[in-house]
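Trainee: Just one file: data_30.cif, with mmCIF, C-alpha atoms and all ligand atoms.
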```cif
data_my_file
loop_
_atom_site.label_atom_id
_atom_site.label_comp_id
_atom_site.auth_asym_id
_atom_site.auth_seq_id
_atom_site.Cartn_x
_atom_site.Cartn_y
_atom_site.Cartn_z
CA MET A 1 0.00 0.00 0.00
CA GLN A 2 1.56 3.33 -1.11
CA ILE A 3 0.34 6.63 0.36
CA THR A 4 0.83 9.94 -1.47
CA GLN A 5 -0.26 13.34 -0.07
CA LEU A 6 -2.89 15.16 -2.15
CA ALA A 7 -2.08 18.53 -0.57
CA PRO A 8 0.24 19.56 2.27
CA ASN A 9 -2.45 19.59 4.99
CA VAL A 10 -5.25 17.31 3.80
CA GLY A 11 -5.93 14.19 1.78
CA VAL A 12 -3.99 11.20 0.56
CA GLU A 13 -4.19 8.95 -2.47
CA ILE A 14 -3.63 5.28 -1.67
CA ALA A 15 -2.39 2.81 -4.28
CA GLY A 16 -1.90 -0.93 -4.07
CA LEU A 17 -5.08 -1.72 -2.15
CA GLN A 18 -8.42 -3.18 -3.28
CA LEU A 19 -11.03 -2.19 -0.70
CA ALA A 20 -13.15 -5.25 -1.46
CA GLU A 21 -10.33 -7.37 0.01
CA ALA A 22 -9.01 -5.01 2.71
CA GLU A 23 -9.00 -6.36 6.25
CA GLY A 24 -6.70 -6.81 9.25
CA ASP A 25 -3.49 -4.71 9.28
CA GLU A 26 -4.24 -3.18 5.87
CA LEU A 27 -7.65 -1.98 7.03
CA GLU A 28 -6.08 -0.62 10.24
CA ALA A 29 -3.45 1.32 8.23
CA LEU A 30 -6.19 2.72 5.99
CA LYS A 31 -8.23 3.84 9.01
CA GLN A 32 -5.21 5.63 10.48
CA ALA A 33 -4.62 7.40 7.15
CA VAL A 34 -8.26 8.58 7.05
CA TYR A 35 -8.26 9.71 10.70
CA THR A 36 -5.02 11.63 10.20
CA HIS A 37 -5.28 13.08 6.69
CA GLY A 38 -9.07 13.44 6.61
CA VAL A 39 -9.76 11.82 3.24
CA ALA A 40 -8.26 8.88 1.34
CA VAL A 41 -8.80 8.43 -2.39
CA LEU A 42 -8.48 5.01 -4.03
CA ARG A 43 -8.54 4.56 -7.80
CA ASP A 44 -9.47 1.62 -10.05
CA GLN A 45 -11.52 -0.16 -7.45
CA GLN A 46 -13.61 -3.24 -8.29
CA PHE A 47 -16.29 -2.41 -5.75
CA SER A 48 -19.87 -3.71 -6.21
CA PRO A 49 -22.71 -2.51 -3.92
CA GLU A 50 -22.28 -5.80 -1.99
CA ASP A 51 -18.52 -5.09 -1.60
CA HIS A 52 -19.37 -1.56 -0.44
CA ILE A 53 -21.71 -2.84 2.30
CA ALA A 54 -19.38 -5.65 3.41
CA PHE A 55 -16.41 -3.25 3.60
CA ALA A 56 -18.41 -0.72 5.68
CA ARG A 57 -19.39 -3.50 8.09
CA ARG A 58 -15.73 -4.56 8.40
CA TRP A 59 -14.83 -0.92 9.13
CA GLY A 60 -17.27 -0.81 12.05
CA GLY A 61 -20.92 -0.20 11.24
CA ILE A 62 -23.38 1.71 9.08
CA ASP A 63 -25.55 4.77 9.89
CA ILE A 64 -28.40 4.92 7.39
CA ASN A 65 -28.94 8.48 6.16
CA ASN A 66 -32.44 9.74 6.94
CA TYR A 67 -32.81 12.11 4.00
CA PHE A 68 -31.22 10.87 0.77
CA PRO A 69 -32.93 8.34 -1.50
CA LEU A 70 -31.80 4.78 -0.76
CA GLU A 71 -30.58 2.34 -3.38
CA ASP A 72 -33.53 0.08 -4.33
CA GLU A 73 -31.89 -3.26 -3.62
CA HIS A 74 -29.39 -2.09 -1.00
CA PRO A 75 -31.04 0.22 1.56
CA GLU A 76 -27.71 0.61 3.40
CA ILE A 77 -26.57 2.73 0.42
CA ALA A 78 -27.70 6.37 0.06
CA VAL A 79 -27.86 7.65 -3.50
CA VAL A 80 -26.29 11.07 -4.03
CA ARG A 81 -27.79 11.83 -7.44
CA LYS A 82 -28.23 14.86 -9.65
CA LYS A 83 -30.20 14.15 -12.81
CA ALA A 84 -29.22 15.76 -16.11
CA ASP A 85 -32.18 18.14 -15.98
CA GLN A 86 -31.76 19.21 -12.33
CA GLN A 87 -30.14 22.47 -11.20
CA THR A 88 -29.47 21.59 -7.55
CA ASN A 89 -27.04 18.96 -6.26
CA ILE A 90 -26.78 17.28 -2.86
CA GLY A 91 -24.01 18.49 -0.60
CA GLY A 92 -23.19 21.57 -2.67
CA ALA A 93 -22.02 23.72 0.25
CA TRP A 94 -19.28 23.25 2.84
CA HIS A 95 -20.50 20.89 5.53
CA THR A 96 -19.83 18.01 7.89
CA ASP A 97 -22.19 15.07 7.43
CA HIS A 98 -24.51 14.37 10.36
CA SER A 99 -23.09 16.99 12.78
CA TYR A 100 -26.76 17.47 13.80
CA ASP A 101 -26.78 14.00 15.41
CA GLN A 102 -25.99 13.49 19.10
CA VAL A 103 -23.45 10.84 18.07
CA PRO A 104 -22.38 12.03 14.62
CA ALA A 105 -21.35 9.60 11.91
CA MET A 106 -17.62 8.91 11.80
CA GLY A 107 -17.36 9.37 8.07
CA SER A 108 -18.45 8.26 4.62
CA ILE A 109 -17.42 5.91 1.84
CA LEU A 110 -18.38 7.49 -1.50
CA VAL A 111 -18.25 5.50 -4.75
CA ALA A 112 -18.47 7.09 -8.21
CA ARG A 113 -21.20 5.36 -10.27
CA VAL A 114 -22.17 7.92 -12.97
CA LEU A 115 -19.91 10.89 -13.72
CA PRO A 116 -20.27 13.97 -15.94
CA PRO A 117 -17.66 14.34 -18.71
CA SER A 118 -15.93 17.01 -16.62
CA GLY A 119 -16.55 18.77 -13.30
CA GLY A 120 -18.30 17.34 -10.25
CA ASP A 121 -15.14 17.31 -8.11
CA THR A 122 -15.39 17.28 -4.32
CA MET A 123 -13.44 19.71 -2.14
CA PHE A 124 -12.20 18.79 1.34
CA ALA A 125 -10.85 21.01 4.13
CA HIS A 126 -8.89 19.82 7.20
CA MET A 127 -10.33 21.01 10.52
CA GLY A 128 -7.15 20.22 12.45
CA ALA A 129 -5.11 22.43 10.15
CA ALA A 130 -7.89 25.03 10.46
CA TYR A 131 -7.60 24.97 14.26
CA ASP A 132 -3.80 25.14 14.12
CA ALA A 133 -4.04 28.23 11.89
CA LEU A 134 -6.15 30.20 14.39
CA PRO A 135 -4.43 33.05 16.20
CA GLN A 136 -3.94 32.40 19.93
CA ASP A 137 -6.53 35.03 20.96
CA LEU A 138 -9.19 33.30 18.87
CA ARG A 139 -8.23 29.89 20.30
CA ASP A 140 -8.60 31.38 23.79
CA GLU A 141 -11.99 32.87 22.88
CA ILE A 142 -13.49 29.54 21.73
CA GLU A 143 -11.97 27.39 24.49
CA GLY A 144 -14.82 25.68 26.35
CA LEU A 145 -17.59 27.01 24.05
CA GLU A 146 -20.25 24.73 22.58
CA ALA A 147 -22.47 25.14 19.51
CA PHE A 148 -25.92 23.95 18.50
CA HIS A 149 -26.34 22.00 15.24
CA THR A 150 -29.53 20.99 13.40
CA ALA A 151 -30.61 19.88 9.91
CA ASP A 152 -34.20 21.08 10.21
CA HIS A 153 -33.72 24.30 8.20
CA VAL A 154 -32.13 22.26 5.39
CA TYR A 155 -34.57 19.35 5.03
CA ALA A 156 -37.90 20.64 6.52
CA PRO A 157 -40.98 20.91 4.23
CA ASP A 158 -40.24 24.65 3.86
CA GLY A 159 -36.46 24.23 4.17
CA ILE A 160 -33.60 24.98 1.79
CA TYR A 161 -33.94 21.88 -0.41
CA ALA A 162 -37.76 22.12 -0.56
CA GLN A 163 -37.32 25.41 -2.43
CA THR A 164 -35.26 23.71 -5.14
CA ASP A 165 -35.71 20.98 -7.73
CA MET A 166 -34.00 18.54 -5.33
CA GLY A 167 -36.84 18.84 -2.78
CA LYS A 168 -39.01 16.02 -4.13
CA GLU A 169 -36.11 13.55 -4.22
CA LEU A 170 -35.44 13.69 -0.49
CA ARG A 171 -36.98 11.84 2.46
CA GLY A 172 -37.35 12.63 6.17
CA GLN A 173 -38.75 16.17 5.90
CA GLU A 174 -40.74 15.72 9.13
CA LEU A 175 -37.75 14.67 11.25
CA LYS A 176 -36.47 16.93 14.03
CA THR A 177 -32.77 17.04 14.81
CA GLY A 178 -30.56 18.91 17.21
CA ALA A 179 -27.29 18.37 19.04
CA VAL A 180 -24.80 20.40 21.06
CA HIS A 181 -21.09 19.73 20.50
CA PRO A 182 -17.92 21.50 21.70
CA ILE A 183 -16.60 24.01 19.14
CA VAL A 184 -13.19 22.40 19.52
CA ILE A 185 -13.22 18.62 19.79
CA ARG A 186 -10.41 16.14 20.20
CA HIS A 187 -10.33 13.46 17.51
CA PRO A 188 -11.47 10.29 19.30
CA ARG A 189 -8.62 8.23 17.77
CA THR A 190 -5.72 10.63 17.16
CA GLY A 191 -6.31 13.13 19.98
CA ARG A 192 -5.75 16.07 17.60
CA LYS A 193 -7.71 19.27 18.27
CA LEU A 194 -10.27 19.96 15.52
CA LEU A 195 -12.70 22.81 14.81
CA TYR A 196 -16.18 21.29 14.90
CA VAL A 197 -18.59 23.88 13.47
CA ASN A 198 -19.77 24.08 9.86
CA TYR A 199 -21.71 26.40 7.52
CA ALA A 200 -24.59 24.05 6.78
CA PHE A 201 -25.66 22.75 10.18
CA THR A 202 -24.22 24.95 12.96
CA ILE A 203 -26.83 27.49 14.05
CA ASN A 204 -25.51 29.28 17.13
CA ILE A 205 -23.05 29.25 19.97
CA VAL A 206 -24.72 28.00 23.16
CA GLY A 207 -25.82 31.00 25.27
CA GLN A 208 -25.87 33.35 22.26
CA THR A 209 -28.49 34.11 19.58
CA ARG A 210 -27.67 33.28 15.96
CA GLU A 211 -27.05 36.96 15.24
CA GLU A 212 -24.67 37.22 18.20
CA SER A 213 -22.93 33.99 17.14
CA LEU A 214 -22.38 34.76 13.47
CA PRO A 215 -19.35 37.09 13.66
CA LEU A 216 -17.31 34.55 15.67
CA LEU A 217 -18.53 31.60 13.57
CA GLN A 218 -17.59 33.50 10.42
CA ARG A 219 -14.03 34.05 11.69
CA LEU A 220 -13.76 30.30 12.25
CA TYR A 221 -15.18 29.51 8.80
CA ASP A 222 -12.73 31.92 7.19
CA ALA A 223 -9.86 30.09 8.90
CA ALA A 224 -11.25 26.72 7.85
CA LEU A 225 -11.25 27.75 4.21
CA LEU A 226 -7.66 28.95 3.91
CA ALA A 227 -6.41 27.55 0.60
CA ASP A 228 -3.62 25.65 2.42
CA ASN A 229 -6.24 23.60 4.32
CA GLN A 230 -7.97 22.31 1.19
CA CYS A 231 -7.64 19.58 -1.42
CA ARG A 232 -9.70 18.73 -4.49
CA VAL A 233 -10.75 15.21 -5.44
CA ALA A 234 -11.41 14.64 -9.15
CA TRP A 235 -13.50 11.52 -9.72
CA GLN A 236 -12.91 8.82 -12.32
CA PRO A 237 -14.77 5.56 -12.94
CA GLY A 238 -13.59 3.21 -10.17
CA THR A 239 -12.72 6.00 -7.69
CA VAL A 240 -13.73 5.58 -4.05
CA ALA A 241 -13.15 8.23 -1.38
CA ILE A 242 -13.34 7.61 2.37
CA TRP A 243 -13.46 10.62 4.65
CA ASP A 244 -13.57 11.40 8.34
CA ASN A 245 -16.36 13.82 9.31
CA ARG A 246 -14.56 14.90 12.48
CA THR A 247 -11.36 15.79 10.62
CA THR A 248 -12.88 17.37 7.51
CA TRP A 249 -15.50 19.48 5.83
CA HIS A 250 -16.48 18.74 2.24
CA ASN A 251 -18.29 20.46 -0.62
CA ALA A 252 -19.59 18.77 -3.80
CA LEU A 253 -19.01 21.20 -6.70
CA ASN A 254 -22.06 21.79 -8.91
CA ASP A 255 -20.37 22.74 -12.19
CA TYR A 256 -21.69 20.21 -14.74
CA PRO A 257 -25.05 21.62 -16.00
CA GLY A 258 -26.93 19.26 -18.32
CA TYR A 259 -25.19 16.08 -17.11
CA ALA A 260 -26.07 13.46 -14.53
CA ARG A 261 -23.83 12.51 -11.61
CA GLU A 262 -24.58 9.60 -9.28
CA MET A 263 -22.59 8.51 -6.29
CA HIS A 264 -23.25 5.76 -3.76
CA ARG A 265 -22.62 6.71 -0.15
CA ILE A 266 -22.45 4.64 2.98
CA THR A 267 -22.20 6.61 6.20
CA LEU A 268 -20.03 4.98 8.87
CA SER A 269 -21.14 4.94 12.51
CA GLY A 270 -19.32 7.27 14.87
CA GLU A 271 -18.82 7.88 18.57
CA ALA A 272 -19.66 10.64 21.05
CA LEU A 273 -17.50 13.76 20.70
CA ALA A 274 -15.71 15.58 23.50
CA ALA A 275 -13.45 18.59 23.93
C1 LIG A 301 -21.90 14.47 0.20
O1 LIG A 301 -21.83 13.45 0.84
O2 LIG A 301 -22.05 15.57 0.71
C2 LIG A 301 -21.78 14.40 -1.32
C3 LIG A 301 -20.37 14.48 -1.77
C4 LIG A 301 -20.27 14.38 -3.27
O3 LIG A 301 -21.25 14.09 -3.93
O4 LIG A 301 -19.17 14.59 -3.78
#
```
Any chance you could put this one into structure tokens?
Mentor:
Amino acid sequence: MQITQLAPNVGVEIAGLQLAEAEGDELEALKQAVYTHGVAVLRDQQFSPEDHIAFARRWGGIDINNYFPLEDEHPEIAVVRKKADQQTNIGGAWHTDHSYDQVPAMGSILVARVLPPSGGDTMFAHMGAAYDALPQDLRDEIEGLEAFHTADHVYAPDGIYAQTDMGKELRGQELKTGAVHPIVIRHPRTGRKLLYVNYAFTINIVGQTREESLPLLQRLYDAALLADNQCRVAWQPGTVAIWDNRTTWHNALNDYPGYAREMHRITLSGEALAA
């Protein structure tokens, strides 16, 4: 297994490994790479839906997404699909999957199934590098603070997606979510300090209104999106990416009008987060 950095602070490409066969020490090394670098990209994978499910179970467990359409024959797999005639994509803003859950999903395994001729890349940003880049006074200011996360404004019947041509594709509009997490968490496996707030799902700092919270949140978001903290994953047939939701944000670029893109996603179970 050969590991090459995608960018100085985030992402690796891993060669010499077929995920359908990965187990034991190889799987452990892959997990460490994902926890540390945030996202691992593997090319030329022979990875059927059955392989996808079996690999996720070997990793540690599956969280079924409550909102995305599920694959007809494999309900463990969420379908991240934009049809050729749709304008809106899924995940087209910087976010952390499932941060609105009390025990957020560890990460995701995304498999390219249908790709546009060009475009449709996914951006990743490293939240450990983002924390490290904060000036000391800002680190002091957020020490001990917590923030409230929810998905209700995104998926509700009058929410963000409902106002787009993606609204009818989604499920779970009646669900209510909400969780409080520290603004700075320690990665449960590496111990690294990570910024744990995101544009899509973080509403306010606990004890402050949204309006009061926004200036500080915006300073954190600006730090998260420094160019040095980001990498770009360009998909090819056979590409699989595995990312850690604690370590990264991601953003699916919507720059392929008139073409379909379909990805299969399995969300991996996580663990409670702490400062
Ligand atoms: C997502 O999980 O947010 C979708 C990512 C992608 O489609 O690239």
Trainee: Smallest atom-to-atom distance to A:Leu145: which of A:Asn9, A:Asn65, A:Ser213, A:Asn254, using all atoms listed in the file?
Mentor: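 Of the candidates, the smallest distance to A:Leu145 is held by A:Ser213.
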Trainee: Write out as a ChimeraX atom specification each polymer residue whose atoms come within 12 Å of A:Glu50, counting all atoms listed in the file; drop sequence neighbours fewer than 5 positions from it.
Mentor: /A:19-20,55-57,71,73-77,264,266
Trainee: Point out the residue among A:Lys82, A:Lys176, A:Arg113, A:Arg189 with the least atom-to-atom distance to A:Lys31, counting all atoms listed in the file.
Mentor: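 Checking each of A:Lys82, A:Lys176, A:Arg113, A:Arg189 against A:Lys31, counting all atoms listed in the file, the winner is A:Arg189.
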Trainee: Measure the distance from atom C4 of ligand LIG 301 (chain A) to atom CA of A:Tyr35 in Å and round it to one decimal.
Mentor: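 So the two atoms, atom C4 of ligand LIG 301 (chain A) and atom CA of A:Tyr35, lie 19.0 Å apart.
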Trainee: Determine, for each residue of chain A having at least one atom at most 6 Å from an atom of ligand LIG 301 (chain A), the closest pair of atoms and their separation in Å to one decimal, counting only C-alpha atoms and all ligand atoms; order by chain and ascending number, as a Markdown table.
Mentor:
```
| residue | atom | partner | partner_atom | distance |
| --- | --- | --- | --- | --- |
| A:Val80 | CA | A:LIG301 | O3 | 5.9 |
| A:Ile90 | CA | A:LIG301 | C2 | 6.0 |
| A:Gly91 | CA | A:LIG301 | O2 | 3.8 |
| A:Thr122 | CA | A:LIG301 | O4 | 4.7 |
| A:Ala252 | CA | A:LIG301 | O4 | 4.2 |
```
Trainee: Interatomic distance between atom CA of A:Val206 and atom CA of A:Phe148?
Mentor: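 Computing it gives 6.3 Å between the two atoms.
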Trainee: Using only C-alpha atoms, which residues sit within 7 Å of A:Pro182 once same-chain residues fewer than 3 positions away are excluded, as a short mmCIF file (atom, residue, chain, number, x, y, z; two decimals) with C-alpha atoms, in the coordinates of the input?
Mentor:
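Dumped everything to around_21.cif:
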```cif
data_model
loop_
_atom_site.label_atom_id
_atom_site.label_comp_id
_atom_site.auth_asym_id
_atom_site.auth_seq_id
_atom_site.Cartn_x
_atom_site.Cartn_y
_atom_site.Cartn_z
CA GLY A 144 -14.82 25.68 26.35
CA LEU A 145 -17.59 27.01 24.05
CA GLU A 146 -20.25 24.73 22.58
CA ALA A 147 -22.47 25.14 19.51
CA ILE A 185 -13.22 18.62 19.79
CA ALA A 274 -15.71 15.58 23.50
CA ALA A 275 -13.45 18.59 23.93
#
```
Trainee: Can you measure atom CA of A:Pro69 to atom CA of A:Gly167 for me? One decimal in Å is fine.
Mentor: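 For atom CA of A:Pro69 relative to atom CA of A:Gly167, the distance reads 11.3 Å.
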Trainee: Please determine, counting only C-alpha atoms, which residue among A:His181, A:His98, A:Lys168, A:His126 has the shortest atom-to-atom distance to A:Asp152.
Mentor: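 Among the listed residues, A:His98 lies closest to A:Asp152.
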Trainee: Would you list the contacts of A:Arg171 as a compact mmCIF listing (two decimals) with C-alpha atoms, keeping the file's coordinate frame, taking every protein, DNA or RNA residue within 10 Å and counting all atoms listed in the file, but skipping same-chain residues closer than 4 positions in sequence?
Mentor:
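Below is the file around_8.txt, written as the result:
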```
# COMPACT_ATOMS: atom_id res chain seq x y z
CA ASN A 65 -28.94 8.48 6.16
CA ASN A 66 -32.44 9.74 6.94
CA TYR A 67 -32.81 12.11 4.00
CA PHE A 68 -31.22 10.87 0.77
CA PRO A 69 -32.93 8.34 -1.50
CA LEU A 70 -31.80 4.78 -0.76
CA TYR A 155 -34.57 19.35 5.03
CA ALA A 156 -37.90 20.64 6.52
CA GLY A 167 -36.84 18.84 -2.78
CA LEU A 175 -37.75 14.67 11.25
```
Trainee: Which is closest to A:Thr202 among A:Val180, A:Ile142, A:Leu253, A:Met263, if we use all atoms listed in the file?
Mentor: A:Val180
Trainee: Choose the residue, out of A:Leu115, A:Ala129, A:Ile64, A:Met106, that has the smallest atom-to-atom separation from A:His37; count only C-alpha atoms.
Mentor: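 Closest candidate: A:Ala129.
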Trainee: So, with only C-alpha atoms as the atoms that count, which of A:Asp222, A:Asp244, A:Asp44, A:Glu26 lies closest to A:Val111?
Mentor: A:Asp44
Trainee: Do a neighbour search on A:Arg186 at 9 Å with only C-alpha atoms, toss out local chain neighbours closer than 3 positions, and write the hits as a list in words.
Mentor: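 In the requested format, the answer is Arg189, Thr190, Gly191, Arg192, Lys193, Leu194, Leu195, Arg246, Leu273, Ala274 and Ala275 of chain A.
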Trainee: Limited to C-alpha atoms, could you put the picked residues into a file as an mmCIF file, in the frame of the given file?
Mentor:
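New file out_0.cif:
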```cif
data_model
loop_
_atom_site.group_PDB
_atom_site.id
_atom_site.type_symbol
_atom_site.label_atom_id
_atom_site.label_comp_id
_atom_site.auth_asym_id
_atom_site.auth_seq_id
_atom_site.Cartn_x
_atom_site.Cartn_y
_atom_site.Cartn_z
ATOM 1 C CA ARG A 189 -8.620 8.230 17.770
ATOM 2 C CA THR A 190 -5.720 10.630 17.160
ATOM 3 C CA GLY A 191 -6.310 13.130 19.980
ATOM 4 C CA ARG A 192 -5.750 16.070 17.600
ATOM 5 C CA LYS A 193 -7.710 19.270 18.270
ATOM 6 C CA LEU A 194 -10.270 19.960 15.520
ATOM 7 C CA LEU A 195 -12.700 22.810 14.810
ATOM 8 C CA ARG A 246 -14.560 14.900 12.480
ATOM 9 C CA LEU A 273 -17.500 13.760 20.700
ATOM 10 C CA ALA A 274 -15.710 15.580 23.500
ATOM 11 C CA ALA A 275 -13.450 18.590 23.930
#
```
Trainee: Excluding stretch 225-228 of chain A and any residue of its chain fewer than 3 positions from it, enumerate the residues within 8 Å of it, using all atoms listed in the file, and give them as a ChimeraX atom specification.
Mentor: /A:7-9,125,130,221-222
